[in-house]
Amino acid sequence: MSRREKGIKMFNEVYCGDLPQPPEEGQDKFFDVMIDSLFGELWADDALSIKEKRLLLLGAIMAQGEDMTFAIQCRSALKRGELTPEQLELAARFLTQYVGYPKGARLRLTLIGVIKEFDKSQE
């Protein structure tokens, strides 16, 4: 399996097939590098589990205060069964102590919306 094929497979696994597929190889160098390096190498490396990588990523995203990516990661963690709503709530409270209340409070609202959406989909 090529690095590109491994990257696409890992991209779909990490994001539960919920995100649009990246452009075909060679159409967008940014995506080529992201798929080959980030997903084909880093996410595919089993030295850390996907759950462990996702927890690291949630901390980094929360530090940046980036709502959309935070929601995507939380949604995927719930769908993959990596984290429960309670664990995500605890992670948000914990990380708020490090990233500050303005970012933490805003991202907690994002998380509440994701959890409601997830709970509704489980009915």
# chains A, B, ... in the order shown; residues from 1 in each chain; ligands from 1
$ residues_around --residues "range 46-60 of chain A" --least-positions-apart "2" --cutoff "12 Å" --atoms "only C-alpha atoms" --output "ChimeraX atom specification"
/A:10-11,13-15,38-44,62-84,87-99,103-104,107,111
$ write_last_selection --atoms "N, CA and C atoms" --output "short mmCIF file (atom, residue, chain, number, x, y, z; two decimals), in the first residue's frame"
data_model
loop_
_atom_site.label_atom_id
_atom_site.label_comp_id
_atom_site.auth_asym_id
_atom_site.auth_seq_id
_atom_site.Cartn_x
_atom_site.Cartn_y
_atom_site.Cartn_z
N MET A 10 -6.35 6.12 6.52
CA MET A 10 -6.27 6.64 7.88
C MET A 10 -7.14 7.89 8.04
N PHE A 11 -7.16 8.75 7.05
CA PHE A 11 -8.00 9.95 7.06
C PHE A 11 -9.47 9.56 7.27
N GLU A 13 -10.57 6.71 8.49
CA GLU A 13 -10.73 6.05 9.79
C GLU A 13 -10.79 7.09 10.92
N VAL A 14 -9.89 8.04 10.90
CA VAL A 14 -9.82 9.06 11.94
C VAL A 14 -11.10 9.89 11.97
N TYR A 15 -11.64 10.22 10.80
CA TYR A 15 -12.79 11.10 10.71
C TYR A 15 -14.09 10.38 10.36
N LEU A 38 0.89 13.72 7.28
CA LEU A 38 0.10 13.73 8.51
C LEU A 38 -0.66 12.42 8.70
N PHE A 39 -1.34 11.96 7.67
CA PHE A 39 -2.16 10.75 7.83
C PHE A 39 -1.41 9.48 7.44
N GLY A 40 -0.64 9.51 6.37
CA GLY A 40 0.08 8.32 5.92
C GLY A 40 1.23 7.92 6.81
N GLU A 41 1.77 8.88 7.55
CA GLU A 41 2.88 8.58 8.47
C GLU A 41 2.49 8.76 9.93
N LEU A 42 2.09 9.98 10.30
CA LEU A 42 1.91 10.29 11.72
C LEU A 42 0.67 9.64 12.33
N TRP A 43 -0.50 9.84 11.72
CA TRP A 43 -1.70 9.18 12.27
C TRP A 43 -1.58 7.66 12.13
N ALA A 44 -0.89 7.18 11.11
CA ALA A 44 -0.77 5.73 10.88
C ALA A 44 0.24 5.07 11.82
N MET A 62 -7.73 23.27 21.42
CA MET A 62 -8.34 24.10 22.46
C MET A 62 -7.44 25.30 22.77
N ALA A 63 -6.14 25.08 22.78
CA ALA A 63 -5.20 26.18 23.03
C ALA A 63 -5.32 27.25 21.95
N GLN A 64 -5.64 26.84 20.73
CA GLN A 64 -5.82 27.80 19.64
C GLN A 64 -7.20 28.42 19.63
N GLY A 65 -8.15 27.77 20.31
CA GLY A 65 -9.52 28.28 20.36
C GLY A 65 -10.27 28.09 19.06
N GLU A 66 -9.97 27.04 18.33
CA GLU A 66 -10.54 26.81 17.00
C GLU A 66 -11.79 25.92 17.09
N ASP A 67 -12.97 26.54 17.03
CA ASP A 67 -14.25 25.86 17.24
C ASP A 67 -14.53 24.73 16.24
N MET A 68 -14.38 25.02 14.96
CA MET A 68 -14.78 24.04 13.94
C MET A 68 -13.97 22.75 14.05
N THR A 69 -12.66 22.86 14.17
CA THR A 69 -11.82 21.68 14.26
C THR A 69 -12.05 20.95 15.58
N PHE A 70 -12.31 21.70 16.64
CA PHE A 70 -12.62 21.09 17.93
C PHE A 70 -13.88 20.24 17.82
N ALA A 71 -14.90 20.77 17.17
CA ALA A 71 -16.15 20.02 16.98
C ALA A 71 -15.92 18.77 16.15
N ILE A 72 -15.15 18.87 15.09
CA ILE A 72 -14.85 17.71 14.24
C ILE A 72 -14.17 16.62 15.06
N GLN A 73 -13.18 17.01 15.86
CA GLN A 73 -12.45 16.02 16.66
C GLN A 73 -13.34 15.39 17.73
N CYS A 74 -14.15 16.19 18.39
CA CYS A 74 -15.05 15.65 19.42
C CYS A 74 -16.07 14.70 18.79
N ARG A 75 -16.65 15.10 17.68
CA ARG A 75 -17.63 14.26 16.98
C ARG A 75 -17.01 12.92 16.59
N SER A 76 -15.81 12.96 16.05
CA SER A 76 -15.15 11.72 15.64
C SER A 76 -14.80 10.85 16.84
N ALA A 77 -14.35 11.47 17.94
CA ALA A 77 -14.04 10.70 19.14
C ALA A 77 -15.27 9.98 19.67
N LEU A 78 -16.42 10.66 19.63
CA LEU A 78 -17.67 10.03 20.07
C LEU A 78 -18.09 8.91 19.13
N LYS A 79 -18.07 9.18 17.84
CA LYS A 79 -18.49 8.17 16.85
C LYS A 79 -17.61 6.93 16.88
N ARG A 80 -16.32 7.11 17.09
CA ARG A 80 -15.39 5.97 17.11
C ARG A 80 -15.39 5.27 18.47
N GLY A 81 -16.09 5.84 19.46
CA GLY A 81 -16.12 5.23 20.79
C GLY A 81 -14.83 5.42 21.56
N GLU A 82 -14.03 6.39 21.16
CA GLU A 82 -12.77 6.65 21.84
C GLU A 82 -12.99 7.35 23.17
N LEU A 83 -13.95 8.25 23.19
CA LEU A 83 -14.25 9.02 24.39
C LEU A 83 -15.76 9.12 24.56
N THR A 84 -16.19 9.14 25.81
CA THR A 84 -17.61 9.32 26.11
C THR A 84 -17.89 10.81 26.25
N GLN A 87 -16.20 12.00 29.38
CA GLN A 87 -14.75 12.17 29.26
C GLN A 87 -14.41 13.44 28.51
N LEU A 88 -15.17 13.75 27.47
CA LEU A 88 -14.93 14.99 26.73
C LEU A 88 -15.22 16.21 27.60
N GLU A 89 -16.28 16.14 28.40
CA GLU A 89 -16.59 17.25 29.32
C GLU A 89 -15.44 17.45 30.31
N LEU A 90 -14.93 16.34 30.86
CA LEU A 90 -13.81 16.45 31.80
C LEU A 90 -12.57 17.02 31.10
N ALA A 91 -12.31 16.55 29.90
CA ALA A 91 -11.16 17.07 29.14
C ALA A 91 -11.31 18.58 28.93
N ALA A 92 -12.52 19.02 28.61
CA ALA A 92 -12.75 20.46 28.40
C ALA A 92 -12.52 21.25 29.69
N ARG A 93 -13.02 20.72 30.81
CA ARG A 93 -12.80 21.42 32.09
C ARG A 93 -11.32 21.44 32.46
N PHE A 94 -10.66 20.31 32.26
CA PHE A 94 -9.23 20.21 32.57
C PHE A 94 -8.42 21.18 31.71
N LEU A 95 -8.65 21.15 30.41
CA LEU A 95 -7.88 21.99 29.50
C LEU A 95 -8.16 23.48 29.69
N THR A 96 -9.37 23.80 30.12
CA THR A 96 -9.71 25.21 30.37
C THR A 96 -8.76 25.82 31.39
N GLN A 97 -8.31 25.03 32.34
CA GLN A 97 -7.39 25.54 33.35
C GLN A 97 -6.05 25.97 32.74
N TYR A 98 -5.72 25.39 31.60
CA TYR A 98 -4.45 25.69 30.92
C TYR A 98 -4.60 26.69 29.79
N VAL A 99 -5.75 26.69 29.12
CA VAL A 99 -5.91 27.58 27.96
C VAL A 99 -6.65 28.85 28.31
N LYS A 103 -11.43 30.97 26.06
CA LYS A 103 -11.38 29.90 25.05
C LYS A 103 -12.13 28.67 25.53
N GLY A 104 -11.89 28.29 26.78
CA GLY A 104 -12.52 27.09 27.32
C GLY A 104 -14.03 27.18 27.33
N LEU A 107 -15.40 26.92 23.71
CA LEU A 107 -15.29 25.57 23.17
C LEU A 107 -16.19 24.60 23.93
N LEU A 111 -18.76 21.96 22.39
CA LEU A 111 -18.85 20.56 22.85
C LEU A 111 -20.27 20.19 23.23
#
$ residues_around --residues "Glu25 in chain A" --least-positions-apart "6" --cutoff "10 Å" --atoms "only C-alpha atoms" --output "PyMOL selection string"
chain A and resi 4+31-33+35-36
$ atom_distance --atom1 "CA of Pro20 in chain A" --atom2 "CA of Glu123 in chain A"
25.5 Å
$ closest_residue --among "A:Ile61, A:Glu86, A:Ser37, A:Gln21" --to "Ile115 in chain A" --atoms "only C-alpha atoms"
A:Glu86
$ select_by_dssp --residues "chain A" --states "alpha helix (DSSP H)" --output "ChimeraX atom specification"
/A:3-14,29-33,50-64,67-79,85-99,101-121
$ write_last_selection --atoms "C-alpha atoms" --output "PDB file, in the first residue's frame"
ATOM      1  CA  ARG A   3       1.781   6.191   1.543  1.00  0.00           C
ATOM      2  CA  ARG A   4      -1.053   8.001  -0.247  1.00  0.00           C
ATOM      3  CA  GLU A   5      -3.353   4.968   0.001  1.00  0.00           C
ATOM      4  CA  LYS A   6      -2.426   4.498   3.657  1.00  0.00           C
ATOM      5  CA  GLY A   7      -3.049   8.215   4.246  1.00  0.00           C
ATOM      6  CA  ILE A   8      -6.514   8.168   2.641  1.00  0.00           C
ATOM      7  CA  LYS A   9      -7.420   5.034   4.616  1.00  0.00           C
ATOM      8  CA  MET A  10      -6.270   6.639   7.880  1.00  0.00           C
ATOM      9  CA  PHE A  11      -8.002   9.954   7.059  1.00  0.00           C
ATOM     10  CA  ASN A  12     -11.298   8.111   6.643  1.00  0.00           C
ATOM     11  CA  GLU A  13     -10.727   6.055   9.785  1.00  0.00           C
ATOM     12  CA  VAL A  14      -9.818   9.062  11.943  1.00  0.00           C
ATOM     13  CA  LYS A  29       0.054  20.033  -3.135  1.00  0.00           C
ATOM     14  CA  PHE A  30      -1.208  21.134   0.317  1.00  0.00           C
ATOM     15  CA  PHE A  31      -3.501  18.114   0.516  1.00  0.00           C
ATOM     16  CA  ASP A  32      -0.873  15.820  -0.994  1.00  0.00           C
ATOM     17  CA  VAL A  33       1.544  16.684   1.823  1.00  0.00           C
ATOM     18  CA  ILE A  50      -5.702   7.174  17.556  1.00  0.00           C
ATOM     19  CA  LYS A  51      -7.368   8.000  20.883  1.00  0.00           C
ATOM     20  CA  GLU A  52      -4.062   9.175  22.385  1.00  0.00           C
ATOM     21  CA  LYS A  53      -3.290  11.288  19.322  1.00  0.00           C
ATOM     22  CA  ARG A  54      -6.770  12.737  19.403  1.00  0.00           C
ATOM     23  CA  LEU A  55      -6.372  13.771  23.058  1.00  0.00           C
ATOM     24  CA  LEU A  56      -3.129  15.544  22.181  1.00  0.00           C
ATOM     25  CA  LEU A  57      -4.856  17.214  19.262  1.00  0.00           C
ATOM     26  CA  LEU A  58      -7.836  18.302  21.367  1.00  0.00           C
ATOM     27  CA  GLY A  59      -5.423  20.074  23.713  1.00  0.00           C
ATOM     28  CA  ALA A  60      -3.639  21.820  20.846  1.00  0.00           C
ATOM     29  CA  ILE A  61      -6.905  22.863  19.191  1.00  0.00           C
ATOM     30  CA  MET A  62      -8.343  24.101  22.458  1.00  0.00           C
ATOM     31  CA  ALA A  63      -5.200  26.177  23.028  1.00  0.00           C
ATOM     32  CA  GLN A  64      -5.816  27.804  19.639  1.00  0.00           C
ATOM     33  CA  ASP A  67     -14.247  25.859  17.241  1.00  0.00           C
ATOM     34  CA  MET A  68     -14.779  24.042  13.937  1.00  0.00           C
ATOM     35  CA  THR A  69     -11.817  21.683  14.260  1.00  0.00           C
ATOM     36  CA  PHE A  70     -12.618  21.090  17.934  1.00  0.00           C
ATOM     37  CA  ALA A  71     -16.154  20.022  16.979  1.00  0.00           C
ATOM     38  CA  ILE A  72     -14.853  17.706  14.243  1.00  0.00           C
ATOM     39  CA  GLN A  73     -12.447  16.020  16.660  1.00  0.00           C
ATOM     40  CA  CYS A  74     -15.055  15.654  19.420  1.00  0.00           C
ATOM     41  CA  ARG A  75     -17.631  14.264  16.984  1.00  0.00           C
ATOM     42  CA  SER A  76     -15.148  11.723  15.641  1.00  0.00           C
ATOM     43  CA  ALA A  77     -14.037  10.695  19.143  1.00  0.00           C
ATOM     44  CA  LEU A  78     -17.667  10.033  20.072  1.00  0.00           C
ATOM     45  CA  LYS A  79     -18.486   8.173  16.852  1.00  0.00           C
ATOM     46  CA  PRO A  85     -19.474  12.599  26.500  1.00  0.00           C
ATOM     47  CA  GLU A  86     -18.435  12.607  30.165  1.00  0.00           C
ATOM     48  CA  GLN A  87     -14.753  12.166  29.265  1.00  0.00           C
ATOM     49  CA  LEU A  88     -14.930  14.987  26.730  1.00  0.00           C
ATOM     50  CA  GLU A  89     -16.590  17.246  29.323  1.00  0.00           C
ATOM     51  CA  LEU A  90     -13.808  16.445  31.798  1.00  0.00           C
ATOM     52  CA  ALA A  91     -11.160  17.072  29.143  1.00  0.00           C
ATOM     53  CA  ALA A  92     -12.746  20.458  28.400  1.00  0.00           C
ATOM     54  CA  ARG A  93     -12.799  21.416  32.094  1.00  0.00           C
ATOM     55  CA  PHE A  94      -9.233  20.212  32.568  1.00  0.00           C
ATOM     56  CA  LEU A  95      -7.880  21.991  29.496  1.00  0.00           C
ATOM     57  CA  THR A  96      -9.711  25.206  30.370  1.00  0.00           C
ATOM     58  CA  GLN A  97      -7.386  25.544  33.354  1.00  0.00           C
ATOM     59  CA  TYR A  98      -4.455  25.686  30.925  1.00  0.00           C
ATOM     60  CA  VAL A  99      -5.909  27.579  27.963  1.00  0.00           C
ATOM     61  CA  TYR A 101     -11.684  30.589  30.508  1.00  0.00           C
ATOM     62  CA  PRO A 102     -12.546  32.654  27.409  1.00  0.00           C
ATOM     63  CA  LYS A 103     -11.378  29.899  25.053  1.00  0.00           C
ATOM     64  CA  GLY A 104     -12.518  27.088  27.325  1.00  0.00           C
ATOM     65  CA  ALA A 105     -16.017  28.492  27.797  1.00  0.00           C
ATOM     66  CA  ARG A 106     -16.509  29.057  24.064  1.00  0.00           C
ATOM     67  CA  LEU A 107     -15.292  25.572  23.168  1.00  0.00           C
ATOM     68  CA  ARG A 108     -17.418  24.034  25.920  1.00  0.00           C
ATOM     69  CA  LEU A 109     -20.474  25.492  24.157  1.00  0.00           C
ATOM     70  CA  THR A 110     -19.256  23.845  20.961  1.00  0.00           C
ATOM     71  CA  LEU A 111     -18.847  20.565  22.846  1.00  0.00           C
ATOM     72  CA  ILE A 112     -22.358  20.777  24.325  1.00  0.00           C
ATOM     73  CA  GLY A 113     -23.750  21.124  20.799  1.00  0.00           C
ATOM     74  CA  VAL A 114     -21.733  18.153  19.544  1.00  0.00           C
ATOM     75  CA  ILE A 115     -22.881  15.992  22.470  1.00  0.00           C
ATOM     76  CA  LYS A 116     -26.544  16.922  21.880  1.00  0.00           C
ATOM     77  CA  GLU A 117     -26.151  16.063  18.201  1.00  0.00           C
ATOM     78  CA  PHE A 118     -24.473  12.761  19.095  1.00  0.00           C
ATOM     79  CA  ASP A 119     -27.115  11.827  21.673  1.00  0.00           C
ATOM     80  CA  LYS A 120     -29.873  12.561  19.173  1.00  0.00           C
ATOM     81  CA  SER A 121     -28.203  10.315  16.585  1.00  0.00           C
TER      82      SER A 121
END
